[in-house]
file query_2.pdb (PDB, C-alpha atoms and all ligand atoms)
MODEL        1
ATOM      1  CA  MET A1290      13.427  34.490 -36.877
ATOM      2  CA  LYS A1291      13.373  34.560 -33.108
ATOM      3  CA  HIS A1292      17.121  35.031 -33.067
ATOM      4  CA  ALA A1293      16.934  38.046 -35.367
ATOM      5  CA  ALA A1294      14.283  39.651 -33.180
ATOM      6  CA  LEU A1295      16.457  39.160 -30.130
ATOM      7  CA  LEU A1296      19.439  40.727 -31.879
ATOM      8  CA  ARG A1297      17.346  43.709 -32.858
ATOM      9  CA  HIS A1298      16.188  44.061 -29.276
ATOM     10  CA  VAL A1299      19.763  43.885 -27.996
ATOM     11  CA  ALA A1300      20.846  46.499 -30.554
ATOM     12  CA  LEU A1301      18.037  48.794 -29.427
ATOM     13  CA  VAL A1302      18.979  48.441 -25.764
ATOM     14  CA  ALA A1303      22.634  49.064 -26.625
ATOM     15  CA  LEU A1304      21.586  52.208 -28.454
ATOM     16  CA  TYR A1305      19.709  53.497 -25.396
ATOM     17  CA  VAL A1306      22.625  52.671 -23.116
ATOM     18  CA  ALA A1307      25.029  54.472 -25.454
ATOM     19  CA  ALA A1308      22.778  57.524 -25.615
ATOM     20  CA  ALA A1309      22.033  57.655 -21.882
ATOM     21  CA  PRO A1310      25.179  59.605 -20.848
ATOM     22  CA  VAL A1311      24.277  62.305 -23.376
ATOM     23  CA  PHE A1312      20.837  62.728 -21.832
ATOM     24  CA  VAL A1313      22.271  62.672 -18.326
ATOM     25  CA  PHE A1314      24.848  65.304 -19.339
ATOM     26  CA  LEU A1315      22.201  67.548 -20.888
ATOM     27  CA  TRP A1316      19.973  67.160 -17.865
ATOM     28  CA  ILE A1317      22.791  67.998 -15.420
ATOM     29  CA  ARG A1318      23.831  71.020 -17.497
ATOM     30  CA  ARG A1319      20.253  72.295 -17.509
ATOM     31  CA  ALA A1320      19.888  71.702 -13.765
ATOM     32  CA  LEU A1321      23.170  73.524 -13.073
ATOM     33  CA  ARG A1322      22.065  76.517 -15.131
ATOM     34  CA  ALA A1323      18.753  76.657 -13.307
ATOM     35  CA  PHE A1324      20.597  76.408  -9.988
ATOM     36  CA  ARG A1325      23.039  79.204 -10.864
ATOM     37  CA  ALA A1326      20.149  81.359 -11.989
ATOM     38  CA  SER A1327      18.280  80.730  -8.747
ATOM     39  CA  GLN A1328      21.417  81.678  -6.780
ATOM     40  CA  LEU A1329      21.781  84.926  -8.696
ATOM     41  CA  VAL A1330      18.173  85.981  -8.462
ATOM     42  CA  ARG A1331      17.759  85.393  -4.756
ATOM     43  CA  GLY A1332      15.816  88.377  -3.481
ATOM     44  CA  GLY A1333      14.208  88.962  -6.854
ATOM     45  CA  PHE A1334      16.703  91.550  -8.094
ATOM     46  CA  ILE A1335      19.770  91.564 -10.305
ATOM     47  CA  ASP A1336      22.226  94.449 -10.118
ATOM     48  CA  CYS A1337      23.393  95.681 -13.513
ATOM     49  CA  PRO A1338      27.189  95.219 -13.782
ATOM     50  CA  HIS A1339      27.378  98.240 -16.105
ATOM     51  CA  CYS A1340      25.414 100.982 -14.351
ATOM     52  CA  GLY A1341      24.637  99.356 -10.996
ATOM     53  CA  ALA A1342      20.885  99.742 -11.387
ATOM     54  CA  ARG A1343      18.720  97.266  -9.542
ATOM     55  CA  ASN A1344      16.588  95.267 -11.970
ATOM     56  CA  PRO A1345      13.508  93.581 -10.550
ATOM     57  CA  LEU A1346      12.840  90.113 -11.944
ATOM     58  CA  ASP A1347       9.166  89.837 -11.113
ATOM     59  CA  ILE A1348       7.833  91.897 -13.991
ATOM     60  CA  LEU A1349       5.580  91.234 -16.951
ATOM     61  CA  ALA A1350       7.898  89.508 -19.400
ATOM     62  CA  THR A1351       7.485  87.875 -22.786
ATOM     63  CA  CYS A1352       9.182  84.552 -23.451
ATOM     64  CA  ARG A1353      11.535  84.611 -26.434
ATOM     65  CA  ARG A1354      10.864  80.999 -27.222
ATOM     66  CA  CYS A1355       7.108  80.487 -26.995
ATOM     67  CA  GLY A1356       5.956  84.116 -26.891
ATOM     68  CA  ALA A1357       3.923  83.748 -23.686
ATOM     69  CA  THR A1358       3.659  86.900 -21.582
ATOM     70  CA  GLU A1359       3.323  86.468 -17.846
ATOM     71  CA  PHE A1360       4.254  87.846 -14.454
ATOM     72  CA  GLY A1361       6.752  85.884 -12.414
ATOM     73  CA  SER A1362      10.387  85.791 -13.397
ATOM     74  CA  ARG A1363      11.773  87.417 -16.512
ATOM     75  CA  LEU A1364      14.402  84.689 -16.531
ATOM     76  CA  TYR A1365      12.106  81.716 -16.525
ATOM     77  CA  CYS A1366       9.046  80.867 -18.605
ATOM     78  CA  GLY A1367       6.350  78.943 -16.788
ATOM     79  CA  HIS A1368       4.804  77.894 -20.094
ATOM     80  CA  CYS A1369       7.656  76.189 -21.917
ATOM     81  CA  GLY A1370      10.340  76.094 -19.216
ATOM     82  CA  GLU A1371      12.743  78.314 -21.165
ATOM     83  CA  VAL A1372      15.582  79.758 -19.079
ATOM     84  CA  THR A1373      16.653  83.146 -20.425
ATOM     85  CA  GLN A1374      20.394  83.749 -20.333
ATOM     86  CA  GLY A1375      20.316  87.510 -20.474
ATOM     87  CA  PHE A1376      18.093  90.559 -20.635
ATOM     88  CA  ALA A1377      18.418  94.277 -21.218
ATOM     89  CA  CYS A1378      18.993  96.474 -18.164
ATOM     90  CA  ASP A1379      15.948  98.615 -17.350
ATOM     91  CA  HIS A1380      18.181 101.638 -16.823
ATOM     92  CA  CYS A1381      21.040 101.606 -19.369
ATOM     93  CA  THR A1382      19.658  98.849 -21.676
ATOM     94  CA  ALA A1383      22.981  97.010 -21.700
ATOM     95  CA  THR A1384      22.590  93.251 -21.803
ATOM     96  CA  ILE A1385      22.942  91.590 -18.421
ATOM     97  CA  THR A1386      24.161  88.023 -18.851
ATOM     98  CA  VAL A1387      22.904  85.794 -16.115
ATOM     99  CA  LEU A1388      24.295  82.391 -17.060
TER
HETATM  100 ZN    ZN B   1       8.132  80.133 -23.031
HETATM  101 ZN    ZN B   2      22.427  99.049 -16.464
ENDMDL
END
call {"tool": "encode", "arguments": {"input": "query_2.pdb", "output": "structure tokens"}}
result
Amino acid sequence: MKHAALLRHVALVALYVAAAPVFVFLWIRRALRAFRASQLVRGGFIDCPHCGARNPLDILATCRRCGATEFGSRLYCGHCGEVTQGFACDHCTATITVL
């Protein structure tokens, strides 16, 4: 009985070890995206690549994921942590892809 319990424990640990790189990969990818976004939005503006209009980021924005509306960054939700990958230009309404 004790032996079986030990085996189960070992199998569980092996499962965590096998899954760990996936979590590390996902975490790094998320961190990289957040870093690239922070590089792009330095100064609080993003220039539209289509019409050249300057889009402020600190506006009242609604999160696509959780629906929360707040001031701050239109690219990042303080409620659920969602990082938005694109938004419509204020001037020409073309989608500006950030990530
Ligand atoms: Zn949200
Ligand atoms: Zn534009």
call {"tool": "residues_near_ligand", "arguments": {"input": "query_2.pdb", "ligand": "ligand ZN 1 (chain B)", "cutoff": "9 Å", "atoms": "all atoms listed in the file", "output": "count of residues only"}}
result
16
call {"tool": "atom_distance", "arguments": {"input": "query_2.pdb", "atom1": "atom CA of Ala1308 of chain A", "atom2": "atom CA of Leu1321 of chain A"}}
result
20.3 Å
call {"tool": "residues_near_ligand", "arguments": {"input": "query_2.pdb", "ligand": "ligand ZN 2 (chain B)", "cutoff": "10 Å", "atoms": "all atoms listed in the file", "output": "MDAnalysis selection string"}}
result
chainID A and resid 1336:1344 1377:1385
call {"tool": "closest_residue", "arguments": {"input": "query_2.pdb", "among": "A:Ala1350, A:Gln1374, A:Arg1297, A:Val1313", "to": "Arg1325 of chain A", "atoms": "only C-alpha atoms"}}
result
A:Gln1374
call {"tool": "residues_around", "arguments": {"input": "query_2.pdb", "residues": "Phe1360 of chain A", "least_positions_apart": "6", "cutoff": "7 Å", "atoms": "all atoms listed in the file", "output": "list of chain:residue names"}}
result
A:Asp1347, A:Ile1348, A:Leu1349, A:Ala1350
call {"tool": "atom_distance", "arguments": {"input": "query_2.pdb", "atom1": "atom CA of Phe1334 of chain A", "atom2": "atom CA of Val1387 of chain A"}}
result
11.7 Å
call {"tool": "closest_residue", "arguments": {"input": "query_2.pdb", "among": "A:Ala1300, A:Arg1363, A:Ala1293, A:Val1306", "to": "Ile1335 of chain A", "atoms": "all atoms listed in the file"}}
result
A:Arg1363
call {"tool": "atom_distance", "arguments": {"input": "query_2.pdb", "atom1": "atom CA of Leu1364 of chain A", "atom2": "atom CA of Gly1332 of chain A"}}
result
13.6 Å
call {"tool": "closest_residue", "arguments": {"input": "query_2.pdb", "among": "A:Val1302, A:Thr1386, A:Arg1318, A:Gly1333", "to": "Gly1361 of chain A", "atoms": "only C-alpha atoms"}}
result
A:Gly1333
